[in-house]
$ cat structure-v7.cif   # mmCIF, C-alpha atoms and all ligand atoms
data_final
loop_
_atom_site.label_atom_id
_atom_site.label_comp_id
_atom_site.auth_asym_id
_atom_site.auth_seq_id
_atom_site.Cartn_x
_atom_site.Cartn_y
_atom_site.Cartn_z
CA MET A 1 0.00 0.00 0.00
CA ALA A 2 1.18 3.52 -0.79
CA ASP A 3 2.03 5.63 2.23
CA ASN A 4 0.40 8.66 0.72
CA PRO A 5 -3.09 7.83 -0.55
CA GLY A 6 -3.25 11.23 -2.23
CA ALA A 7 -0.47 10.33 -4.61
CA GLY A 8 -2.81 8.74 -7.15
CA GLY A 9 -4.81 11.94 -7.61
CA GLY A 10 -8.22 10.27 -7.18
CA VAL A 11 -11.35 11.89 -5.82
CA LEU A 12 -13.63 10.98 -2.94
CA HIS A 13 -17.19 11.90 -3.91
CA VAL A 14 -19.58 12.85 -1.10
CA VAL A 15 -23.01 12.15 -2.56
CA ALA A 16 -26.35 13.38 -1.20
CA THR A 17 -29.34 11.05 -1.58
CA PRO A 18 -33.08 11.81 -1.11
CA ILE A 19 -34.72 12.42 2.29
CA GLY A 20 -37.92 10.67 1.28
CA ASN A 21 -38.86 11.36 -2.32
CA LEU A 22 -36.75 9.29 -4.69
CA ASP A 23 -37.19 11.87 -7.46
CA ASP A 24 -35.02 14.28 -5.48
CA ILE A 25 -31.85 12.42 -6.44
CA SER A 26 -29.81 14.52 -8.86
CA ALA A 27 -28.70 13.39 -12.30
CA ARG A 28 -25.09 13.87 -11.21
CA ALA A 29 -25.62 11.74 -8.09
CA ILE A 30 -26.96 8.89 -10.26
CA GLU A 31 -24.06 9.27 -12.66
CA THR A 32 -21.51 9.30 -9.82
CA LEU A 33 -23.02 6.25 -8.09
CA ARG A 34 -23.28 4.37 -11.39
CA ALA A 35 -19.60 5.02 -12.11
CA ALA A 36 -18.42 4.14 -8.58
CA ASP A 37 -16.33 1.05 -7.91
CA ILE A 38 -16.92 1.33 -4.16
CA ILE A 39 -19.79 2.98 -2.33
CA ALA A 40 -19.22 3.56 1.38
CA ALA A 41 -22.64 3.52 3.03
CA GLU A 42 -23.92 4.03 6.55
CA ASP A 43 -26.20 0.99 6.23
CA THR A 44 -25.41 -1.20 3.24
CA ARG A 45 -28.83 -2.90 3.21
CA HIS A 46 -30.58 0.48 3.12
CA SER A 47 -28.33 1.83 0.35
CA SER A 48 -28.56 -1.39 -1.60
CA ARG A 49 -32.36 -0.90 -1.75
CA LEU A 50 -31.87 2.69 -2.99
CA LEU A 51 -29.39 1.58 -5.65
CA GLY A 52 -31.82 -1.16 -6.72
CA GLN A 53 -34.62 1.41 -7.09
CA LEU A 54 -32.31 3.55 -9.22
CA GLY A 55 -31.26 0.57 -11.34
CA ILE A 56 -27.63 0.95 -10.30
CA GLU A 57 -25.55 -2.18 -9.88
CA GLY A 58 -21.93 -3.10 -9.97
CA ALA A 59 -20.44 -1.06 -7.15
CA ARG A 60 -19.13 -2.83 -4.08
CA LEU A 61 -20.94 -1.58 -0.99
CA VAL A 62 -18.92 -1.28 2.19
CA SER A 63 -20.28 -0.13 5.52
CA LEU A 64 -19.04 3.07 7.09
CA HIS A 65 -20.65 4.01 10.36
CA GLU A 66 -19.85 5.61 13.69
CA HIS A 67 -18.18 2.47 15.04
CA ASN A 68 -15.90 1.50 12.14
CA GLU A 69 -15.25 4.84 10.44
CA ALA A 70 -11.79 5.41 11.85
CA GLY A 71 -10.59 1.97 10.73
CA ARG A 72 -12.34 1.95 7.35
CA SER A 73 -11.16 5.38 6.25
CA GLU A 74 -7.58 4.36 5.55
CA ALA A 75 -8.57 1.43 3.33
CA LEU A 76 -11.04 3.59 1.41
CA LEU A 77 -8.44 6.29 0.80
CA HIS A 78 -5.95 3.73 -0.43
CA ALA A 79 -8.61 2.48 -2.84
CA VAL A 80 -9.01 6.04 -4.14
CA ALA A 81 -5.24 6.29 -4.53
CA ALA A 82 -5.20 3.00 -6.41
CA GLY A 83 -7.52 4.50 -9.00
CA GLN A 84 -10.83 3.13 -7.72
CA ARG A 85 -13.84 5.43 -7.87
CA VAL A 86 -15.16 5.82 -4.33
CA ALA A 87 -18.42 7.49 -3.29
CA LEU A 88 -19.73 8.14 0.21
CA VAL A 89 -23.47 8.12 0.94
CA SER A 90 -25.54 8.05 4.12
CA ASP A 91 -29.02 6.63 4.71
CA ALA A 92 -30.70 9.86 3.70
CA GLY A 93 -29.76 13.36 2.68
CA THR A 94 -26.29 14.80 2.90
CA PRO A 95 -23.51 12.71 4.48
CA LEU A 96 -21.81 14.29 7.53
CA VAL A 97 -24.96 16.26 8.45
CA SER A 98 -25.86 14.34 11.64
CA ASP A 99 -24.49 11.35 9.74
CA PRO A 100 -21.14 9.54 9.43
CA GLY A 101 -18.36 10.69 7.13
CA PHE A 102 -16.49 13.42 8.99
CA ARG A 103 -13.51 11.24 9.92
CA LEU A 104 -13.22 9.91 6.37
CA VAL A 105 -13.35 13.39 4.83
CA GLN A 106 -10.90 14.74 7.39
CA ALA A 107 -8.54 11.84 6.70
CA ALA A 108 -8.87 12.47 2.96
CA HIS A 109 -7.75 16.06 3.40
CA ALA A 110 -4.87 14.97 5.62
CA ALA A 111 -3.79 12.49 2.96
CA GLY A 112 -4.06 15.00 0.13
CA VAL A 113 -7.03 13.22 -1.48
CA ARG A 114 -9.39 15.61 -3.24
CA VAL A 115 -12.93 15.62 -1.85
CA SER A 116 -15.80 16.67 -4.10
CA PRO A 117 -19.44 17.05 -3.04
CA VAL A 118 -22.39 15.99 -5.14
CA PRO A 119 -24.98 18.16 -3.39
CA GLY A 120 -28.64 17.39 -2.94
CA ALA A 121 -31.30 17.01 -0.28
CA CYS A 122 -30.68 17.98 3.34
CA ALA A 123 -33.59 17.99 5.80
CA ALA A 124 -32.27 21.02 7.72
CA ILE A 125 -32.00 23.19 4.61
CA ALA A 126 -35.28 21.94 3.14
CA ALA A 127 -37.02 22.78 6.43
CA LEU A 128 -35.39 26.22 6.61
CA SER A 129 -36.46 27.00 3.05
CA ALA A 130 -40.12 26.35 3.89
CA ALA A 131 -40.41 27.45 7.53
CA GLY A 132 -40.97 31.16 7.06
CA LEU A 133 -38.38 32.02 9.71
CA PRO A 134 -35.39 34.29 9.08
CA SER A 135 -32.92 32.46 6.89
CA ASP A 136 -30.13 35.02 6.62
CA ARG A 137 -28.40 33.43 9.61
CA PHE A 138 -29.05 30.02 11.09
CA PHE A 139 -27.55 27.72 13.68
CA PHE A 140 -27.71 23.98 13.09
CA GLU A 141 -27.82 22.13 16.40
CA GLY A 142 -28.72 18.64 15.12
CA PHE A 143 -30.05 16.29 17.80
CA LEU A 144 -30.44 17.59 21.34
CA PRO A 145 -29.44 15.27 24.21
CA SER A 146 -32.05 12.59 24.88
CA THR A 147 -32.33 13.03 28.64
CA ALA A 148 -34.51 15.87 29.93
CA ALA A 149 -31.89 17.44 32.23
CA ALA A 150 -29.15 17.48 29.60
CA ARG A 151 -31.57 18.73 26.94
CA ARG A 152 -32.72 21.67 29.09
CA ALA A 153 -29.14 22.46 30.03
CA ARG A 154 -28.21 22.62 26.35
CA LEU A 155 -31.25 24.79 25.58
CA ASP A 156 -30.21 27.14 28.39
CA GLN A 157 -26.97 27.65 26.52
CA LEU A 158 -28.91 28.50 23.35
CA VAL A 159 -31.21 31.15 24.88
CA ARG A 160 -28.98 33.95 23.59
CA GLN A 161 -28.07 32.31 20.29
CA ARG A 162 -28.92 34.50 17.30
CA GLY A 163 -30.04 33.14 13.97
CA THR A 164 -32.78 30.58 13.37
CA LEU A 165 -32.10 27.43 15.41
CA ILE A 166 -32.49 24.11 13.61
CA PHE A 167 -32.95 20.83 15.48
CA TYR A 168 -33.40 17.25 14.34
CA GLU A 169 -35.70 15.25 16.60
CA ALA A 170 -36.93 11.69 16.94
CA PRO A 171 -40.73 11.25 16.77
CA HIS A 172 -41.04 9.73 20.26
CA ARG A 173 -39.38 12.79 21.80
CA VAL A 174 -40.91 15.61 19.75
CA ALA A 175 -43.72 16.44 22.21
CA GLU A 176 -41.32 16.56 25.15
CA THR A 177 -38.77 18.63 23.23
CA LEU A 178 -41.37 21.16 22.09
CA ALA A 179 -42.47 21.54 25.72
CA ASP A 180 -38.84 22.17 26.71
CA LEU A 181 -38.30 24.61 23.82
CA ALA A 182 -41.33 26.63 24.93
CA ALA A 183 -40.33 26.50 28.60
CA VAL A 184 -36.69 27.47 28.10
CA LEU A 185 -36.73 29.70 24.99
CA GLY A 186 -40.15 31.25 25.66
CA ASP A 187 -43.77 30.41 24.82
CA GLY A 188 -44.04 33.33 22.43
CA ARG A 189 -41.00 32.69 20.25
CA MET A 190 -41.90 31.72 16.72
CA GLY A 191 -41.00 28.25 15.56
CA ALA A 192 -41.81 25.69 12.92
CA LEU A 193 -42.45 21.98 12.70
CA ALA A 194 -41.27 20.40 9.45
CA ARG A 195 -42.33 16.76 9.35
CA GLU A 196 -42.03 14.07 6.70
CA LEU A 197 -40.62 16.52 4.17
CA THR A 198 -41.00 15.45 0.53
CA LYS A 199 -43.26 12.53 1.61
CA THR A 200 -47.00 11.85 1.58
CA PHE A 201 -47.77 13.22 5.03
CA GLU A 202 -45.57 16.29 4.79
CA THR A 203 -46.43 18.96 7.38
CA VAL A 204 -44.88 22.42 7.58
CA ARG A 205 -46.41 24.50 10.35
CA ARG A 206 -45.22 27.85 11.60
CA ASP A 207 -46.50 29.15 14.94
CA THR A 208 -45.42 30.18 18.41
CA LEU A 209 -43.60 27.51 20.40
CA ALA A 210 -46.53 27.25 22.82
CA ALA A 211 -48.99 26.70 19.96
CA LEU A 212 -46.71 24.13 18.30
CA ARG A 213 -46.32 22.33 21.63
CA ASP A 214 -50.11 22.13 22.04
CA PHE A 215 -50.68 21.14 18.42
CA VAL A 216 -48.26 18.22 18.61
CA ALA A 217 -49.39 17.14 22.09
CA ALA A 218 -53.01 16.95 20.86
CA ASP A 219 -52.36 14.87 17.73
CA ALA A 220 -50.49 11.56 17.89
CA ASP A 221 -50.03 11.65 14.11
CA GLN A 222 -47.73 14.65 14.53
CA GLN A 223 -45.52 12.46 16.72
CA ARG A 224 -44.65 10.11 13.88
CA GLY A 225 -42.13 10.13 11.07
CA GLU A 226 -39.09 12.32 10.57
CA ILE A 227 -39.02 15.76 12.10
CA VAL A 228 -37.10 19.03 11.99
CA LEU A 229 -37.88 21.72 14.57
CA LEU A 230 -36.93 25.33 13.97
CA VAL A 231 -36.99 28.28 16.35
CA GLU A 232 -36.41 31.96 15.62
CA GLY A 233 -33.14 33.17 17.07
CA ALA A 234 -32.72 35.46 20.06
CA THR A 235 -33.68 39.08 19.54
CA ASP A 236 -31.53 41.99 20.77
CA GLU A 237 -33.92 42.46 23.71
CA ALA A 238 -33.75 38.76 24.62
CA VAL A 239 -29.96 38.80 24.50
CA ALA A 240 -29.83 41.95 26.65
CA GLY A 241 -32.39 40.63 29.15
CA ALA A 242 -31.34 37.00 29.37
CA LEU A 243 -29.44 35.87 32.37
CA ASP A 244 -26.19 34.23 31.36
CA GLU A 245 -26.78 30.98 33.23
CA THR A 246 -23.42 29.49 32.49
CA ALA A 247 -21.68 32.56 33.91
CA LEU A 248 -23.96 32.46 36.98
CA LEU A 249 -23.22 28.77 37.62
CA ARG A 250 -19.49 29.29 37.20
CA ALA A 251 -19.53 32.26 39.58
CA LEU A 252 -21.54 30.39 42.23
CA ALA A 253 -19.44 27.25 41.92
CA GLY A 254 -16.33 29.39 42.36
CA GLU A 255 -17.58 30.50 45.78
CA LEU A 256 -19.58 27.54 47.06
CA PRO A 257 -19.46 23.74 47.13
CA ALA A 258 -21.31 22.33 44.09
CA THR A 259 -24.34 21.12 46.10
CA ARG A 260 -24.84 24.59 47.61
CA ALA A 261 -24.22 26.30 44.28
CA ALA A 262 -26.92 24.07 42.77
CA LYS A 263 -29.32 24.96 45.60
CA VAL A 264 -28.85 28.72 45.15
CA ALA A 265 -29.02 28.54 41.35
CA ALA A 266 -32.19 26.41 41.56
CA ALA A 267 -33.85 29.10 43.70
CA VAL A 268 -32.77 31.92 41.34
CA LEU A 269 -33.66 30.10 38.12
CA GLY A 270 -36.78 28.31 39.39
CA ARG A 271 -35.52 24.94 38.19
CA PRO A 272 -35.07 21.60 39.99
CA ARG A 273 -31.88 21.40 42.02
CA ARG A 274 -31.11 17.97 40.54
CA ASP A 275 -31.16 19.43 36.98
CA ILE A 276 -28.79 22.21 37.97
CA TYR A 277 -26.44 19.77 39.68
CA GLN A 278 -26.44 17.67 36.50
CA GLN A 279 -25.62 20.84 34.55
CA LEU A 280 -22.66 21.48 36.86
CA LEU A 281 -21.52 17.90 36.22
CA ASP A 282 -21.86 18.41 32.45
CA MET A 283 -19.81 21.60 32.75
CA GLY A 284 -17.11 19.64 34.57
CA ILE A 285 -17.60 21.75 37.71
CA ALA A 286 -19.05 19.16 40.10
CA ASP A 287 -17.77 15.62 40.73
CA GLY A 288 -20.18 12.73 40.17
N1 LIG A 301 -28.07 13.56 6.64
C1 LIG A 301 -29.48 13.86 6.77
C2 LIG A 301 -29.77 15.23 6.14
O1 LIG A 301 -29.03 15.65 5.25
O2 LIG A 301 -30.75 15.84 6.51
C3 LIG A 301 -29.94 13.78 8.19
C4 LIG A 301 -29.68 12.47 8.87
S1 LIG A 301 -30.22 12.43 10.53
C5 LIG A 301 -29.57 10.87 11.08
C6 LIG A 301 -31.91 12.01 10.38
C7 LIG A 301 -32.81 13.13 10.87
O3 LIG A 301 -32.98 14.10 9.83
C8 LIG A 301 -34.23 12.68 11.21
O4 LIG A 301 -34.30 12.18 12.53
C9 LIG A 301 -34.99 13.98 11.06
O5 LIG A 301 -34.80 14.80 12.19
C10 LIG A 301 -34.28 14.62 9.86
N2 LIG A 301 -34.95 14.21 8.60
C11 LIG A 301 -34.49 13.33 7.69
N3 LIG A 301 -35.39 13.23 6.67
C12 LIG A 301 -36.42 14.05 6.98
C13 LIG A 301 -37.65 14.37 6.34
N4 LIG A 301 -38.01 13.80 5.20
N5 LIG A 301 -38.48 15.26 6.94
C14 LIG A 301 -38.13 15.84 8.11
N6 LIG A 301 -36.99 15.56 8.76
C15 LIG A 301 -36.14 14.68 8.20
#
$ encode --input "structure-v7.cif" --output "structure tokens"
Amino acid sequence: MADNPGAGGGVLHVVATPIGNLDDISARAIETLRAADIIAAEDTRHSSRLLGQLGIEGARLVSLHEHNEAGRSEALLHAVAAGQRVALVSDAGTPLVSDPGFRLVQAAHAAGVRVSPVPGACAAIAALSAAGLPSDRFFFEGFLPSTAAARRARLDQLVRQRGTLIFYEAPHRVAETLADLAAVLGDGRMGALARELTKTFETVRRDTLAALRDFVAADADQQRGEIVLLVEGATDEAVAGALDETALLRALAGELPATRAAKVAAAVLGRPRRDIYQQLLDMGIADG
């Protein structure tokens, strides 16, 4: 094997696939996948179905996911260097966007292998384009933590974030997350629910966070499928008025033992002491 996979001058293609509607695949994506010798896929069974639907055969599918990415990257880059045409796809949408691929692309750059995107669908951008919220600046958060305390702690850090916030969320957590968004970011902030984009039961609804929370809580159908949540960013007034919780916790923890800091902060912020203590743990201030 060559020591420098970049020496062969090959290209790693990062190929976006549809997020629901097969017709959203681009002509160039089809061409690139048809020409590929190797397709690195998050889930080979899933991608094999997609390739079958597109009438593409011949490429060798290899898995590339969170747990094997570091090890697989080197072999894939050597294949590129050896003249093989290698494409990276994920289960849906754009690879690396809340999907595997970052380590491979980073390794490609380190090895001098050219990386070329074949752009296409991305749920975050599709949702932003239809949500009716400011799109001049946006902040992609991806998935929030799954436990309530960690999720609220993360939202606390986003209270002052400007630009439209974009979250991915699992259907079984969407009701809970909308309740947290309204509680932490404010009932009256505008938001949007973008569900099942490009599919039969597509829903795009723009409303206040409180109204979205109630809408989703009242209709089990809105708690199914694939979901993007969007929230308008902090206004100047919100930024000026918001308490900087992280600074408060750091200041208290600098003066008091963590349990007492959590007690005082809980009283000031009106939140459970246990949640605050967990936040101190997450910030590396308290010891478990
Ligand atoms: N790489 C993908 C992209 O470019 O959007 C995202 C992959 S991430 C693992 C999957 C999440 O994306 C879902 O849980 C959901 O939040 C969002 N998503 C994917 N397809 C969607 C769709 N058709 N409608 C709404 N959200 C979608």
$ residues_near_ligand --input "structure-v7.cif" --ligand "ligand LIG 301 (chain A)" --cutoff "8 Å" --atoms "only C-alpha atoms and all ligand atoms" --output "ChimeraX atom specification"
/A:16,19-21,90-99,121-125,127,142-143,167-171,194-199,202,225-229
$ closest_residue --input "structure-v7.cif" --among "A:Ala130, A:Ala238, A:Arg114, A:Arg273" --to "Arg206 of chain A" --atoms "only C-alpha atoms"
A:Ala130
$ closest_atom_pairs --input "structure-v7.cif" --of "segment 136-196 of chain A" --to "segment 278-285 of chain A" --cutoff "12 Å" --atoms "only C-alpha atoms" --output "JSON lines"
{"residue": "A:Pro145", "atom": "CA", "partner": "A:Asp282", "partner_atom": "CA", "distance": 11.6}
{"residue": "A:Thr147", "atom": "CA", "partner": "A:Gln278", "partner_atom": "CA", "distance": 10.9}
{"residue": "A:Ala148", "atom": "CA", "partner": "A:Gln278", "partner_atom": "CA", "distance": 10.6}
{"residue": "A:Ala149", "atom": "CA", "partner": "A:Gln278", "partner_atom": "CA", "distance": 6.9}
{"residue": "A:Ala150", "atom": "CA", "partner": "A:Gln279", "partner_atom": "CA", "distance": 6.9}
{"residue": "A:Arg151", "atom": "CA", "partner": "A:Gln279", "partner_atom": "CA", "distance": 9.9}
{"residue": "A:Arg152", "atom": "CA", "partner": "A:Gln279", "partner_atom": "CA", "distance": 9.0}
{"residue": "A:Ala153", "atom": "CA", "partner": "A:Gln279", "partner_atom": "CA", "distance": 6.0}
{"residue": "A:Arg154", "atom": "CA", "partner": "A:Gln279", "partner_atom": "CA", "distance": 8.8}
{"residue": "A:Leu155", "atom": "CA", "partner": "A:Gln279", "partner_atom": "CA", "distance": 11.3}
{"residue": "A:Asp156", "atom": "CA", "partner": "A:Gln279", "partner_atom": "CA", "distance": 9.9}
{"residue": "A:Gln157", "atom": "CA", "partner": "A:Gln279", "partner_atom": "CA", "distance": 10.6}
$ axis_aligned_box --input "structure-v7.cif" --around "segment 37-49 of chain A" --padding-each-side "3 Å" --output "AutoDock Vina command-line options"
--center_x -24.3 --center_y 0.6 --center_z -0.7 --size_x 22.0 --size_y 12.9 --size_z 20.5
$ residues_around --input "structure-v7.cif" --residues "Ala262 of chain A" --least-positions-apart "5" --cutoff "12 Å" --atoms "only C-alpha atoms" --output "MDAnalysis selection string"
chainID A and resid 245 248:257 267:281 285:286
$ closest_residue --input "structure-v7.cif" --among "A:Gly233, A:Gly101, A:Pro119, A:Gly83" --to "Ser135 of chain A" --atoms "only C-alpha atoms"
A:Gly233
$ residues_around --input "structure-v7.cif" --residues "Arg60 of chain A" --least-positions-apart "2" --cutoff "12 Å" --atoms "all atoms listed in the file" --output "ChimeraX atom specification"
/A:33-41,44,47-48,51,56-58,62-63,76,79,84-88
$ residues_around --input "structure-v7.cif" --residues "Glu176 of chain A" --least-positions-apart "6" --cutoff "10 Å" --atoms "all atoms listed in the file" --output "PyMOL selection string"
chain A and resi 148+213+216-217
$ decode --input "structure-v7.cif" --residues "segment 82-93 of chain A" --atoms "all heavy atoms" --output "short mmCIF file (atom, residue, chain, number, x, y, z; two decimals), in the first residue's frame"
data_model
loop_
_atom_site.label_atom_id
_atom_site.label_comp_id
_atom_site.auth_asym_id
_atom_site.auth_seq_id
_atom_site.Cartn_x
_atom_site.Cartn_y
_atom_site.Cartn_z
N ALA A 82 -5.49 4.07 -5.44
CA ALA A 82 -5.20 3.00 -6.41
C ALA A 82 -6.04 3.15 -7.68
O ALA A 82 -6.04 2.27 -8.54
CB ALA A 82 -5.45 1.64 -5.75
N GLY A 83 -6.79 4.23 -7.76
CA GLY A 83 -7.52 4.50 -9.00
C GLY A 83 -8.98 4.07 -8.96
O GLY A 83 -9.70 4.18 -9.96
N GLN A 84 -9.43 3.55 -7.81
CA GLN A 84 -10.83 3.13 -7.72
C GLN A 84 -11.71 4.36 -7.51
O GLN A 84 -11.29 5.33 -6.86
CB GLN A 84 -10.99 2.20 -6.52
CG GLN A 84 -10.09 0.99 -6.60
CD GLN A 84 -10.88 -0.28 -6.61
OE1 GLN A 84 -11.41 -0.68 -5.59
NE2 GLN A 84 -10.99 -0.88 -7.76
N ARG A 85 -12.92 4.30 -8.07
CA ARG A 85 -13.84 5.43 -7.87
C ARG A 85 -14.68 5.16 -6.62
O ARG A 85 -15.40 4.15 -6.56
CB ARG A 85 -14.73 5.60 -9.10
CG ARG A 85 -13.94 6.25 -10.24
CD ARG A 85 -14.60 6.08 -11.55
NE ARG A 85 -14.62 4.66 -11.91
CZ ARG A 85 -14.69 4.20 -13.14
NH1 ARG A 85 -14.77 5.02 -14.15
NH2 ARG A 85 -14.71 2.90 -13.38
N VAL A 86 -14.52 6.04 -5.63
CA VAL A 86 -15.16 5.82 -4.33
C VAL A 86 -16.17 6.93 -4.05
O VAL A 86 -15.86 8.12 -4.20
CB VAL A 86 -14.10 5.77 -3.19
CG1 VAL A 86 -14.79 5.55 -1.84
CG2 VAL A 86 -13.08 4.67 -3.46
N ALA A 87 -17.37 6.52 -3.65
CA ALA A 87 -18.42 7.49 -3.29
C ALA A 87 -18.87 7.20 -1.86
O ALA A 87 -18.90 6.05 -1.42
CB ALA A 87 -19.60 7.38 -4.25
N LEU A 88 -19.20 8.26 -1.15
CA LEU A 88 -19.73 8.14 0.21
C LEU A 88 -21.19 8.57 0.20
O LEU A 88 -21.52 9.64 -0.31
CB LEU A 88 -18.92 9.06 1.15
CG LEU A 88 -19.51 9.28 2.55
CD1 LEU A 88 -19.45 8.00 3.39
CD2 LEU A 88 -18.78 10.41 3.27
N VAL A 89 -22.06 7.73 0.77
CA VAL A 89 -23.47 8.12 0.94
C VAL A 89 -23.87 7.82 2.38
O VAL A 89 -23.21 7.06 3.08
CB VAL A 89 -24.43 7.34 -0.01
CG1 VAL A 89 -24.15 7.63 -1.46
CG2 VAL A 89 -24.38 5.83 0.27
N SER A 90 -24.97 8.44 2.83
CA SER A 90 -25.54 8.05 4.12
C SER A 90 -26.96 7.55 3.86
O SER A 90 -27.40 7.49 2.72
CB SER A 90 -25.50 9.20 5.11
OG SER A 90 -26.23 10.30 4.64
N ASP A 91 -27.68 7.21 4.92
CA ASP A 91 -29.02 6.63 4.71
C ASP A 91 -29.95 7.60 4.00
O ASP A 91 -30.81 7.20 3.24
CB ASP A 91 -29.64 6.21 6.05
CG ASP A 91 -29.01 4.94 6.58
OD1 ASP A 91 -28.17 4.35 5.88
OD2 ASP A 91 -29.36 4.53 7.70
N ALA A 92 -29.82 8.88 4.32
CA ALA A 92 -30.70 9.86 3.70
C ALA A 92 -30.04 11.23 3.74
O ALA A 92 -29.36 11.57 4.70
CB ALA A 92 -32.03 9.93 4.45
N GLY A 93 -30.24 11.98 2.69
CA GLY A 93 -29.76 13.36 2.68
C GLY A 93 -28.26 13.45 2.49
O GLY A 93 -27.62 12.63 1.82
#
